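K.L.:
Input file: query38.cif. Contents: mmCIF, C-alpha atoms (C1' of nucleotides).
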data_model
loop_
_atom_site.label_atom_id
_atom_site.label_comp_id
_atom_site.auth_asym_id
_atom_site.auth_seq_id
_atom_site.Cartn_x
_atom_site.Cartn_y
_atom_site.Cartn_z
CA MET B 1 0.32 20.68 25.78
CA GLU B 2 -0.90 19.24 22.49
CA SER B 3 -3.89 21.55 22.07
CA SER B 4 -1.52 24.16 20.74
CA ASP B 5 -0.35 21.76 18.05
CA LEU B 6 -3.92 21.43 16.87
CA ARG B 7 -4.49 25.16 16.94
CA ASN B 8 -1.32 25.79 15.01
CA ALA B 9 -2.50 23.34 12.40
CA GLY B 10 -5.71 25.32 12.02
CA LEU B 11 -7.72 22.50 13.54
CA LYS B 12 -10.41 22.93 16.11
CA VAL B 13 -9.54 21.32 19.43
CA THR B 14 -12.07 18.52 19.63
CA LEU B 15 -12.34 15.42 21.74
CA PRO B 16 -11.56 12.87 19.02
CA ARG B 17 -8.47 14.83 17.94
CA ILE B 18 -7.15 15.12 21.45
CA LYS B 19 -7.80 11.45 22.14
CA ILE B 20 -6.05 10.33 18.97
CA LEU B 21 -3.08 12.55 19.66
CA GLU B 22 -2.83 11.22 23.20
CA MET B 23 -3.08 7.67 21.95
CA LEU B 24 -0.14 8.24 19.59
CA GLU B 25 1.85 9.88 22.35
CA ASN B 26 1.23 7.37 25.09
CA SER B 27 0.94 4.12 23.23
CA ASP B 28 3.68 1.61 23.83
CA ALA B 29 3.80 0.80 20.11
CA ARG B 30 4.81 3.95 18.31
CA HIS B 31 3.34 2.76 15.03
CA LEU B 32 -0.41 2.31 14.94
CA SER B 33 -2.92 1.70 12.19
CA ALA B 34 -6.20 3.59 11.99
CA GLU B 35 -7.94 0.40 13.01
CA ASP B 36 -5.60 0.00 16.02
CA ILE B 37 -6.42 3.48 17.23
CA TYR B 38 -10.11 3.06 16.60
CA ARG B 39 -10.26 -0.23 18.46
CA ARG B 40 -8.38 1.12 21.46
CA LEU B 41 -10.59 4.18 21.68
CA ILE B 42 -13.70 2.01 21.56
CA GLU B 43 -12.25 -0.12 24.36
CA MET B 44 -11.76 3.06 26.35
CA ASN B 45 -15.45 3.82 25.77
CA GLU B 46 -14.63 6.80 23.59
CA ASP B 47 -17.44 7.14 21.09
CA VAL B 48 -15.57 7.74 17.83
CA GLY B 49 -16.11 6.50 14.31
CA LEU B 50 -13.47 4.80 12.22
CA ALA B 51 -14.05 7.39 9.52
CA THR B 52 -13.15 10.12 11.95
CA VAL B 53 -9.94 8.36 12.89
CA TYR B 54 -8.96 8.23 9.23
CA ARG B 55 -9.98 11.85 8.67
CA VAL B 56 -8.07 13.06 11.71
CA LEU B 57 -4.96 11.07 10.86
CA THR B 58 -4.99 12.44 7.32
CA GLN B 59 -5.32 15.97 8.67
CA PHE B 60 -2.53 15.34 11.15
CA GLU B 61 -0.35 14.09 8.36
CA ALA B 62 -1.05 17.17 6.27
CA ALA B 63 -0.24 19.30 9.31
CA GLY B 64 3.04 17.49 9.82
CA LEU B 65 1.98 16.12 13.19
CA VAL B 66 2.17 12.49 12.17
CA ARG B 67 3.87 10.46 9.50
CA ARG B 68 2.19 7.72 7.48
CA HIS B 69 4.06 4.55 6.50
CA ASN B 70 3.00 1.89 4.06
CA PHE B 71 4.79 -1.14 5.42
CA GLU B 72 3.86 -4.50 3.93
CA GLY B 73 0.58 -5.86 5.19
CA GLY B 74 -2.08 -3.85 3.44
CA HIS B 75 -2.79 -1.17 6.00
CA ALA B 76 -0.93 2.05 6.68
CA VAL B 77 0.56 2.79 10.10
CA PHE B 78 0.96 6.21 11.67
CA GLU B 79 3.55 7.52 14.07
CA LEU B 80 3.91 10.81 15.83
CA GLU B 81 6.36 13.13 14.11
CA ARG B 82 8.95 13.76 16.76
CA GLY B 83 12.50 14.84 16.27
CA PRO B 84 14.56 14.25 13.17
CA HIS B 85 14.01 11.88 10.32
CA HIS B 86 14.55 8.18 10.80
CA ASP B 87 13.97 4.96 8.91
CA HIS B 88 12.47 1.64 9.95
CA MET B 89 13.21 -2.01 10.37
CA VAL B 90 10.25 -4.38 10.60
CA CYS B 91 10.77 -7.82 12.11
CA LEU B 92 9.09 -10.41 9.94
CA ASP B 93 8.74 -12.77 12.89
CA SER B 94 7.38 -10.51 15.60
CA GLY B 95 6.09 -7.54 13.63
CA LYS B 96 8.16 -5.31 15.88
CA VAL B 97 9.18 -1.97 14.39
CA ILE B 98 12.64 -0.58 15.14
CA GLU B 99 13.69 2.93 14.22
CA PHE B 100 17.15 3.85 13.11
CA VAL B 101 19.03 6.83 11.73
CA SER B 102 21.82 6.75 9.18
CA GLU B 103 23.45 9.94 8.04
CA GLU B 104 25.52 7.91 5.63
CA ILE B 105 22.51 6.53 3.82
CA GLU B 106 20.88 9.96 3.69
CA GLU B 107 23.97 11.42 2.07
CA ILE B 108 24.34 8.63 -0.44
CA GLN B 109 20.72 9.04 -1.43
CA GLN B 110 21.18 12.74 -2.09
CA ARG B 111 24.28 12.01 -4.12
CA ILE B 112 22.57 9.35 -6.22
CA ALA B 113 19.54 11.54 -6.91
CA ALA B 114 21.78 14.48 -7.79
CA LYS B 115 23.71 12.31 -10.22
CA HIS B 116 20.44 11.79 -12.08
CA GLY B 117 19.51 15.46 -11.90
CA TYR B 118 17.01 15.20 -9.09
CA ASP B 119 16.46 16.41 -5.56
CA VAL B 120 15.16 13.99 -2.95
CA GLU B 121 11.84 15.32 -1.75
CA GLU B 122 10.92 12.35 0.38
CA HIS B 123 12.03 8.81 0.80
CA SER B 124 10.98 5.52 2.24
CA LEU B 125 13.44 2.94 3.51
CA VAL B 126 12.21 -0.16 5.26
CA LEU B 127 14.31 -3.18 6.16
CA TYR B 128 12.36 -6.40 6.59
CA VAL B 129 14.45 -8.40 9.00
CA ARG B 130 14.61 -11.58 11.03
CA PRO B 131 16.46 -12.26 14.27
CA LYS B 132 20.01 -13.41 13.57
CA ASN B 133 20.34 -17.16 13.67
CA ARG B 134 23.35 -17.51 15.93
CA VAL B 135 23.52 -21.27 15.57
CA ALA B 136 24.68 -20.91 12.00
CA GLY B 137 27.66 -18.76 12.86
CA LYS B 138 31.23 -19.77 13.57
CA VAL B 139 30.75 -18.90 17.21
CA GLY B 140 28.03 -21.45 17.39
CA LYS B 141 28.02 -21.49 21.17
CA GLY B 142 24.44 -20.35 21.93
CA MET C 143 12.37 -18.52 -24.43
CA GLU C 144 10.13 -17.67 -21.49
CA SER C 145 8.06 -20.87 -21.60
CA SER C 146 10.87 -22.56 -19.72
CA ASP C 147 10.58 -19.99 -16.95
CA LEU C 148 6.94 -20.93 -16.53
CA ARG C 149 7.69 -24.62 -16.57
CA ASN C 150 10.43 -24.21 -14.00
CA ALA C 151 7.99 -22.40 -11.80
CA GLY C 152 5.63 -25.35 -12.01
CA LEU C 153 3.12 -23.33 -14.01
CA LYS C 154 1.33 -24.54 -17.07
CA VAL C 155 2.25 -22.62 -20.17
CA THR C 156 -0.98 -20.84 -20.97
CA LEU C 157 -1.82 -17.96 -23.22
CA PRO C 158 -2.52 -15.38 -20.49
CA ARG C 159 0.74 -16.21 -18.73
CA ILE C 160 2.77 -15.93 -21.90
CA LYS C 161 1.11 -12.67 -22.85
CA ILE C 162 1.68 -11.14 -19.45
CA LEU C 163 5.31 -12.21 -19.42
CA GLU C 164 5.82 -10.74 -22.88
CA MET C 165 4.15 -7.52 -21.84
CA LEU C 166 6.55 -7.16 -18.91
CA GLU C 167 9.50 -7.95 -21.16
CA ASN C 168 8.65 -5.69 -24.04
CA SER C 169 6.91 -2.79 -22.39
CA ASP C 170 8.69 0.52 -22.51
CA ALA C 171 7.79 1.19 -18.89
CA ARG C 172 9.39 -1.51 -16.82
CA HIS C 173 6.97 -0.99 -13.95
CA LEU C 174 3.35 -1.83 -14.64
CA SER C 175 0.28 -2.18 -12.48
CA ALA C 176 -2.15 -5.06 -12.89
CA GLU C 177 -4.59 -2.59 -14.37
CA ASP C 178 -1.96 -1.35 -16.86
CA ILE C 179 -1.29 -4.87 -18.06
CA TYR C 180 -4.98 -5.71 -18.23
CA ARG C 181 -5.83 -2.60 -20.21
CA ARG C 182 -3.03 -3.15 -22.70
CA LEU C 183 -3.98 -6.76 -23.24
CA ILE C 184 -7.58 -5.78 -23.86
CA GLU C 185 -6.40 -3.18 -26.36
CA MET C 186 -4.48 -5.95 -28.11
CA ASN C 187 -7.73 -7.92 -28.26
CA GLU C 188 -6.45 -10.52 -25.84
CA ASP C 189 -9.42 -11.84 -23.95
CA VAL C 190 -8.18 -11.90 -20.35
CA GLY C 191 -9.81 -11.03 -17.08
CA LEU C 192 -8.38 -8.60 -14.56
CA ALA C 193 -8.60 -11.33 -11.93
CA THR C 194 -6.36 -13.54 -14.03
CA VAL C 195 -3.82 -10.77 -14.35
CA TYR C 196 -3.72 -10.45 -10.58
CA ARG C 197 -3.54 -14.20 -10.11
CA VAL C 198 -0.77 -14.62 -12.64
CA LEU C 199 1.26 -11.75 -11.25
CA THR C 200 0.95 -13.17 -7.75
CA GLN C 201 2.12 -16.55 -9.01
CA PHE C 202 4.99 -14.93 -10.87
CA GLU C 203 6.00 -13.12 -7.74
CA ALA C 204 5.95 -16.34 -5.73
CA ALA C 205 8.04 -17.96 -8.46
CA GLY C 206 10.55 -15.13 -8.35
CA LEU C 207 9.83 -14.09 -11.93
CA VAL C 208 8.56 -10.64 -11.03
CA ARG C 209 8.90 -8.26 -8.14
CA ARG C 210 6.02 -6.31 -6.62
CA HIS C 211 6.48 -2.74 -5.41
CA ASN C 212 4.12 -0.67 -3.32
CA PHE C 213 5.04 2.84 -4.37
CA GLU C 214 2.75 5.60 -3.20
CA GLY C 215 -0.48 5.84 -5.10
CA GLY C 216 -2.61 2.98 -3.90
CA HIS C 217 -1.85 0.35 -6.51
CA ALA C 218 1.09 -2.05 -6.68
CA VAL C 219 3.42 -2.14 -9.68
CA PHE C 220 5.24 -5.16 -11.02
CA GLU C 221 8.55 -5.46 -12.78
CA LEU C 222 10.37 -8.37 -14.32
CA GLU C 223 13.04 -9.78 -12.05
CA ARG C 224 16.17 -9.40 -14.10
CA GLY C 225 19.71 -9.30 -12.88
CA PRO C 226 20.76 -8.15 -9.46
CA HIS C 227 18.88 -6.18 -6.87
CA HIS C 228 18.25 -2.50 -7.39
CA ASP C 229 16.26 0.28 -5.78
CA HIS C 230 13.99 2.95 -7.20
CA MET C 231 13.56 6.65 -7.58
CA VAL C 232 10.09 7.92 -8.47
CA CYS C 233 9.75 11.39 -9.97
CA LEU C 234 6.89 13.19 -8.27
CA ASP C 235 6.38 15.42 -11.32
CA SER C 236 6.41 12.92 -14.16
CA GLY C 237 5.80 9.64 -12.38
CA LYS C 238 8.90 8.30 -14.09
CA VAL C 239 10.66 5.42 -12.32
CA ILE C 240 14.45 5.28 -12.33
CA GLU C 241 16.40 2.29 -11.10
CA PHE C 242 19.69 2.51 -9.28
CA VAL C 243 22.13 0.28 -7.47
CA SER C 244 24.16 1.19 -4.44
CA GLU C 245 26.50 -1.33 -2.90
CA GLU C 246 27.26 1.18 -0.19
CA ILE C 247 23.67 1.42 0.96
CA GLU C 248 23.26 -2.35 0.88
CA GLU C 249 26.29 -2.76 3.12
CA ILE C 250 25.23 -0.10 5.56
CA GLN C 251 21.81 -1.71 5.83
CA GLN C 252 23.34 -5.06 6.70
CA ARG C 253 25.55 -3.42 9.25
CA ILE C 254 22.70 -1.56 10.91
CA ALA C 255 20.48 -4.64 11.06
CA ALA C 256 23.34 -6.71 12.46
CA LYS C 257 23.94 -4.10 15.13
CA HIS C 258 20.37 -4.75 16.31
CA GLY C 259 20.76 -8.50 16.08
CA TYR C 260 18.92 -8.99 12.81
CA ASP C 261 19.50 -10.20 9.29
CA VAL C 262 18.02 -8.25 6.40
CA GLU C 263 15.62 -10.56 4.62
CA GLU C 264 14.22 -7.99 2.25
CA HIS C 265 14.14 -4.26 1.93
CA SER C 266 12.40 -1.45 0.20
CA LEU C 267 14.06 1.83 -0.65
CA VAL C 268 12.23 4.40 -2.72
CA LEU C 269 13.36 7.98 -3.27
CA TYR C 270 10.59 10.38 -4.19
CA VAL C 271 12.33 13.05 -6.22
CA ARG C 272 11.81 16.18 -8.29
CA PRO C 273 13.97 17.54 -11.10
CA LYS C 274 16.72 19.78 -9.74
CA ASN C 275 15.74 23.42 -9.85
CA ARG C 276 18.88 24.98 -11.34
CA VAL C 277 17.58 28.52 -11.09
CA ALA C 278 17.81 28.46 -7.32
CA GLY C 279 21.52 27.73 -7.22
CA LYS C 280 24.41 30.15 -6.91
CA VAL C 281 25.30 29.47 -10.50
CA GLY C 282 21.97 30.89 -11.45
CA LYS C 283 22.89 31.03 -15.10
CA GLY C 284 20.10 28.89 -16.55
"C1'" DT G 285 -24.93 31.45 16.67
"C1'" DT G 286 -22.07 29.57 13.17
"C1'" DC G 287 -19.41 26.64 10.71
"C1'" DG G 288 -16.25 23.12 11.17
"C1'" DG G 289 -16.32 18.39 13.05
"C1'" DT G 290 -18.49 13.97 13.75
"C1'" DG G 291 -20.87 9.29 13.39
"C1'" DC G 292 -23.03 6.41 10.43
"C1'" DA G 293 -23.74 4.21 6.20
"C1'" DA G 294 -22.80 4.09 1.59
"C1'" DA G 295 -19.33 4.55 -1.83
"C1'" DT G 296 -14.70 3.78 -3.70
"C1'" DA G 297 -10.32 1.61 -5.12
"C1'" DC G 298 -7.64 -2.23 -5.36
"C1'" DT G 299 -7.33 -7.05 -4.98
"C1'" DT G 300 -9.00 -11.83 -3.98
"C1'" DT G 301 -12.22 -15.65 -4.26
"C1'" DG G 302 -16.19 -18.92 -5.80
"C1'" DC G 303 -17.76 -21.30 -9.49
"C1'" DA G 304 -18.74 -23.37 -13.84
"C1'" DC G 305 -16.43 -23.88 -18.03
"C1'" DC G 306 -12.11 -24.31 -20.92
"C1'" DA G 307 -7.61 -25.81 -22.35
"C1'" DG G 308 -2.82 -27.61 -21.83
"C1'" DA G 309 -0.12 -31.96 -20.73
"C1'" DT O 310 -8.90 -37.44 -20.38
"C1'" DC O 311 -8.05 -34.84 -16.31
"C1'" DT O 312 -6.56 -31.34 -13.55
"C1'" DG O 313 -5.09 -26.88 -13.40
"C1'" DG O 314 -6.30 -22.36 -15.47
"C1'" DT O 315 -9.63 -18.87 -16.74
"C1'" DG O 316 -13.44 -15.27 -17.05
"C1'" DC O 317 -17.00 -13.35 -14.72
"C1'" DA O 318 -19.29 -11.69 -10.85
"C1'" DA O 319 -19.37 -11.33 -6.11
"C1'" DA O 320 -16.79 -10.75 -1.94
"C1'" DG O 321 -13.06 -8.60 0.75
"C1'" DT O 322 -10.18 -5.11 2.83
"C1'" DA O 323 -8.55 -0.52 3.54
"C1'" DT O 324 -9.98 3.98 3.07
"C1'" DT O 325 -12.98 8.00 1.63
"C1'" DT O 326 -17.22 10.59 1.13
"C1'" DG O 327 -22.29 12.29 1.71
"C1'" DC O 328 -25.26 13.90 4.92
"C1'" DA O 329 -27.77 15.35 8.88
"C1'" DC O 330 -26.71 16.42 13.48
"C1'" DC O 331 -23.51 18.18 17.14
"C1'" DG O 332 -20.37 21.04 19.59
"C1'" DA O 333 -16.17 24.34 19.90
"C1'" DA O 334 -15.21 29.26 19.19
#
Show this structure as structure tokens.
P.N.:
Amino acid sequence: MESSDLRNAGLKVTLPRIKILEMLENSDARHLSAEDIYRRLIEMNEDVGLATVYRVLTQFEAAGLVRRHNFEGGHAVFELERGPHHDHMVCLDSGKVIEFVSEEIEEIQQRIAAKHGYDVEEHSLVLYVRPKNRVAGKVGKG
Amino acid sequence: MESSDLRNAGLKVTLPRIKILEMLENSDARHLSAEDIYRRLIEMNEDVGLATVYRVLTQFEAAGLVRRHNFEGGHAVFELERGPHHDHMVCLDSGKVIEFVSEEIEEIQQRIAAKHGYDVEEHSLVLYVRPKNRVAGKVGKG
DNA sequence: TTCGGTGCAAATACTTTGCACCAGA
DNA sequence: TCTGGTGCAAAGTATTTGCACCGAA
């Protein structure tokens, strides 16, 4: 299981690390802030400090286990790094985060960067969206 | 000149506001942090407070005069809102910010959001890039 | 046993706010 | 004049760091 991930990252297998990893794996919301994780662990009577959560998440990020996103709203959110790259859509009404993949956009990005003499090392694409207002459309029938 | 922009935004035309607007217009770097603007104004012997710079920039953003970006690095940067929408490329080596426009990407974004039942209200696309390493290519001739 | 890991509190970085005074309309 | 604007200092918020103790290897 996940202990091996920690070992591979050169990190000792400790309780807080395991708990945080589990939280990211099992949580319904795939995108959690440090505070979110901390609060949930406290509720589960796990005796961790917020500082440790931050430290562990930063280490996980460095190890490639999690990815950090700076969506609007002041605080960073973290998600488990699983599978291939994807981008995000954040609903401005509900706060819901939706993941999506677009090969097309990836390619265009590379092309644009290349045109300027650069390679894309990393990128951040976030769509801030709102549910479509169907009433306004031609097919107004709700 | 820019006084009218302030008036239209319902803002009194005051010295700090004019100075900050001028700074954003005339600065070589089109993307400045609050701290950048503050420091430069102080150097020009303009007696402003950092809090005022933040306040004014926030008001300008609300008025649609400037746009705020949260690139990596902790602090927000502001740029004058001129012309149509564009995205950004940030060089990880030099910190240089390059603007670009891609109709294609805009369209694909709309399409993807629509597919999920959303409208794109706002979006943020930043490419973190590095100068192309020509030595590594097949055409290794530097 | 040993050294990395941890909790706590204090420190930091960026940004916002309270308040008395100042200045533009 | 009168209200919004401003500088300063203090308060916030998100995150990091110092330090003594603890626990995995």
K.L.:
Extract, using only C-alpha atoms (C1' of nucleotides), all DNA, RNA and protein residues at most 9 Å from Tyr54 in chain B, discarding same-chain residues fewer than 5 positions from it, and format them as a PyMOL selection string.
P.N.:
(chain B and resi 34-35+49+59) or (chain O and resi 324-325)
K.L.:
Check which residues satisfy the PyMOL selection byres ((chain B) within 12 of (chain C)) in the file shown, then give them as a ChimeraX atom specification.
P.N.:
/B:68-76,87-94,96-134
K.L.:
Give me, please, the distance in Å between C1' of DG314 in chain O and CA of Ala193 in chain C, quoted to one decimal.
P.N.:
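It comes out at 11.8 Å.
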K.L.:
Could you work out how far CA of Glu144 in chain C lies from C1' of DC311 in chain O, giving the answer in Å with one decimal?
P.N.:
25.5 Å
K.L.:
Which of these residues is nearest to DA329 in chain O, using all atoms listed in the file: G:DT299, G:DC292, G:DA309, G:DA304?
P.N.:
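Going through G:DT299, G:DC292, G:DA309, G:DA304 one by one, the smallest distance to DA329 in chain O is for G:DC292.
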K.L.:
Apply the PyMOL selection byres ((chain G) within 10 of (chain C)) to the displayed file and report the matching residues as a ChimeraX atom specification.
P.N.:
/G:297-301,307-309
K.L.:
Please write out chain B, superposed on chain C by least squares over all C-alpha atoms matched in order, as a compact mmCIF listing (two decimals) with C-alpha atoms, in the coordinates of the input.
P.N.:
# COMPACT_ATOMS: atom_id res chain seq x y z
CA MET B 1 12.43 -18.39 -24.51
CA GLU B 2 10.15 -17.58 -21.58
CA SER B 3 8.10 -20.77 -21.70
CA SER B 4 10.89 -22.48 -19.84
CA ASP B 5 10.62 -19.94 -17.04
CA LEU B 6 6.98 -20.88 -16.63
CA ARG B 7 7.73 -24.58 -16.70
CA ASN B 8 10.47 -24.18 -14.14
CA ALA B 9 8.03 -22.38 -11.90
CA GLY B 10 5.67 -25.34 -12.13
CA LEU B 11 3.18 -23.30 -14.11
CA LYS B 12 1.37 -24.51 -17.16
CA VAL B 13 2.30 -22.57 -20.28
CA THR B 14 -0.94 -20.78 -21.07
CA LEU B 15 -1.81 -17.86 -23.29
CA PRO B 16 -2.50 -15.31 -20.54
CA ARG B 17 0.79 -16.16 -18.80
CA ILE B 18 2.81 -15.85 -21.96
CA LYS B 19 1.11 -12.58 -22.88
CA ILE B 20 1.70 -11.07 -19.45
CA LEU B 21 5.32 -12.13 -19.45
CA GLU B 22 5.81 -10.65 -22.91
CA MET B 23 4.13 -7.45 -21.84
CA LEU B 24 6.55 -7.09 -18.92
CA GLU B 25 9.49 -7.85 -21.16
CA ASN B 26 8.63 -5.59 -24.05
CA SER B 27 6.89 -2.70 -22.39
CA ASP B 28 8.68 0.61 -22.49
CA ALA B 29 7.77 1.26 -18.85
CA ARG B 30 9.40 -1.44 -16.79
CA HIS B 31 6.98 -0.95 -13.91
CA LEU B 32 3.36 -1.79 -14.60
CA SER B 33 0.30 -2.18 -12.44
CA ALA B 34 -2.12 -5.07 -12.85
CA GLU B 35 -4.59 -2.61 -14.30
CA ASP B 36 -1.97 -1.32 -16.79
CA ILE B 37 -1.30 -4.82 -18.03
CA TYR B 38 -4.97 -5.69 -18.18
CA ARG B 39 -5.84 -2.57 -20.13
CA ARG B 40 -3.05 -3.09 -22.64
CA LEU B 41 -4.00 -6.70 -23.21
CA ILE B 42 -7.62 -5.71 -23.79
CA GLU B 43 -6.44 -3.11 -26.30
CA MET B 44 -4.52 -5.85 -28.06
CA ASN B 45 -7.77 -7.83 -28.22
CA GLU B 46 -6.45 -10.45 -25.82
CA ASP B 47 -9.42 -11.82 -23.94
CA VAL B 48 -8.16 -11.89 -20.35
CA GLY B 49 -9.78 -11.04 -17.05
CA LEU B 50 -8.35 -8.64 -14.52
CA ALA B 51 -8.55 -11.38 -11.92
CA THR B 52 -6.31 -13.55 -14.03
CA VAL B 53 -3.77 -10.78 -14.35
CA TYR B 54 -3.65 -10.47 -10.57
CA ARG B 55 -3.48 -14.24 -10.12
CA VAL B 56 -0.70 -14.62 -12.67
CA LEU B 57 1.32 -11.73 -11.27
CA THR B 58 1.04 -13.18 -7.77
CA GLN B 59 2.20 -16.55 -9.05
CA PHE B 60 5.05 -14.92 -10.93
CA GLU B 61 6.07 -13.12 -7.79
CA ALA B 62 6.05 -16.34 -5.80
CA ALA B 63 8.12 -17.95 -8.54
CA GLY B 64 10.63 -15.12 -8.43
CA LEU B 65 9.87 -14.05 -11.99
CA VAL B 66 8.62 -10.61 -11.06
CA ARG B 67 8.96 -8.24 -8.16
CA ARG B 68 6.08 -6.31 -6.61
CA HIS B 69 6.53 -2.74 -5.37
CA ASN B 70 4.16 -0.69 -3.27
CA PHE B 71 5.06 2.81 -4.33
CA GLU B 72 2.77 5.60 -3.17
CA GLY B 73 -0.45 5.83 -5.11
CA GLY B 74 -2.57 2.97 -3.87
CA HIS B 75 -1.80 0.32 -6.44
CA ALA B 76 1.13 -2.06 -6.63
CA VAL B 77 3.44 -2.11 -9.65
CA PHE B 78 5.28 -5.13 -11.01
CA GLU B 79 8.59 -5.40 -12.79
CA LEU B 80 10.39 -8.30 -14.34
CA GLU B 81 13.08 -9.73 -12.08
CA ARG B 82 16.20 -9.34 -14.13
CA GLY B 83 19.73 -9.18 -12.90
CA PRO B 84 20.80 -8.06 -9.46
CA HIS B 85 18.92 -6.13 -6.86
CA HIS B 86 18.27 -2.45 -7.33
CA ASP B 87 16.26 0.31 -5.70
CA HIS B 88 13.97 2.97 -7.12
CA MET B 89 13.51 6.67 -7.49
CA VAL B 90 10.03 7.91 -8.39
CA CYS B 91 9.65 11.39 -9.87
CA LEU B 92 6.80 13.17 -8.16
CA ASP B 93 6.27 15.39 -11.19
CA SER B 94 6.33 12.92 -14.05
CA GLY B 95 5.75 9.61 -12.30
CA LYS B 96 8.86 8.30 -14.01
CA VAL B 97 10.63 5.44 -12.24
CA ILE B 98 14.43 5.33 -12.23
CA GLU B 99 16.39 2.34 -11.01
CA PHE B 100 19.66 2.60 -9.19
CA VAL B 101 22.12 0.37 -7.37
CA SER B 102 24.14 1.28 -4.31
CA GLU B 103 26.49 -1.22 -2.76
CA GLU B 104 27.22 1.29 -0.05
CA ILE B 105 23.62 1.50 1.07
CA GLU B 106 23.25 -2.28 0.97
CA GLU B 107 26.26 -2.68 3.23
CA ILE B 108 25.15 -0.04 5.68
CA GLN B 109 21.76 -1.68 5.92
CA GLN B 110 23.30 -5.03 6.77
CA ARG B 111 25.50 -3.39 9.37
CA ILE B 112 22.60 -1.54 10.99
CA ALA B 113 20.42 -4.65 11.12
CA ALA B 114 23.29 -6.70 12.53
CA LYS B 115 23.85 -4.11 15.23
CA HIS B 116 20.29 -4.80 16.37
CA GLY B 117 20.71 -8.55 16.12
CA TYR B 118 18.89 -9.04 12.85
CA ASP B 119 19.50 -10.22 9.32
CA VAL B 120 18.02 -8.27 6.43
CA GLU B 121 15.66 -10.59 4.62
CA GLU B 122 14.24 -8.02 2.26
CA HIS B 123 14.15 -4.30 1.96
CA SER B 124 12.36 -1.50 0.24
CA LEU B 125 14.01 1.81 -0.58
CA VAL B 126 12.18 4.38 -2.64
CA LEU B 127 13.27 7.97 -3.18
CA TYR B 128 10.48 10.36 -4.10
CA VAL B 129 12.21 13.04 -6.09
CA ARG B 130 11.69 16.17 -8.14
CA PRO B 131 13.82 17.57 -10.96
CA LYS B 132 16.55 19.81 -9.58
CA ASN B 133 15.61 23.46 -9.73
CA ARG B 134 18.72 24.89 -11.34
CA VAL B 135 17.53 28.47 -11.06
CA ALA B 136 18.00 28.38 -7.32
CA GLY B 137 21.64 27.39 -7.49
CA LYS B 138 24.72 29.57 -7.49
CA VAL B 139 25.31 28.74 -11.13
CA GLY B 140 21.98 30.23 -11.93
CA LYS B 141 22.72 30.42 -15.64
CA GLY B 142 19.97 28.18 -17.07
K.L.:
Could you tell me which residues the PyMOL selection byres ((chain O and resi 330) around 10) returns for this structure, as a tab-separated table (two decimals) with C-alpha atoms (C1' of nucleotides), keeping the file's coordinate frame?
P.N.:
chain	number	residue	atom	x	y	z
G	290	DT	C1'	-18.49	13.97	13.75
G	291	DG	C1'	-20.87	9.29	13.39
O	328	DC	C1'	-25.26	13.90	4.92
O	329	DA	C1'	-27.77	15.35	8.88
O	331	DC	C1'	-23.51	18.18	17.14
O	332	DG	C1'	-20.37	21.04	19.59
K.L.:
Please measure the separation of C1' of DT310 in chain O and CA of Leu153 in chain C, giving the value in Å to one decimal.
P.N.:
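These atoms are spaced 19.6 Å apart.
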K.L.:
For a quick check of understanding, using only C-alpha atoms (C1' of nucleotides), which of B:Ile37, B:Glu25, B:Glu43, B:Thr58 has the smallest distance to chain O?
P.N.:
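Closest to chain O, using only C-alpha atoms (C1' of nucleotides): B:Thr58.
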K.L.:
With N, CA, C and O atoms as the target, complete range 3-9 of chain B and hand it back as a compact mmCIF listing (two decimals), in the frame of the given file.
P.N.:
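Saved result, part-v8.txt, follows:
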# COMPACT_ATOMS: atom_id res chain seq x y z
N SER B 3 -2.84 20.72 22.65
CA SER B 3 -3.89 21.55 22.07
C SER B 3 -3.29 22.60 21.14
O SER B 3 -3.85 22.91 20.09
N SER B 4 -2.16 23.12 21.55
CA SER B 4 -1.52 24.16 20.74
C SER B 4 -1.13 23.63 19.36
O SER B 4 -1.21 24.35 18.37
N ASP B 5 -0.71 22.35 19.33
CA ASP B 5 -0.35 21.76 18.05
C ASP B 5 -1.55 21.78 17.11
O ASP B 5 -1.43 22.10 15.93
N LEU B 6 -2.70 21.45 17.67
CA LEU B 6 -3.92 21.43 16.87
C LEU B 6 -4.26 22.83 16.38
O LEU B 6 -4.53 23.05 15.20
N ARG B 7 -4.19 23.78 17.28
CA ARG B 7 -4.49 25.16 16.94
C ARG B 7 -3.56 25.64 15.83
O ARG B 7 -4.00 26.25 14.85
N ASN B 8 -2.28 25.36 16.01
CA ASN B 8 -1.32 25.79 15.01
C ASN B 8 -1.62 25.20 13.64
O ASN B 8 -1.32 25.79 12.61
N ALA B 9 -2.19 24.00 13.66
CA ALA B 9 -2.50 23.34 12.40
C ALA B 9 -3.82 23.84 11.81
O ALA B 9 -4.25 23.39 10.77
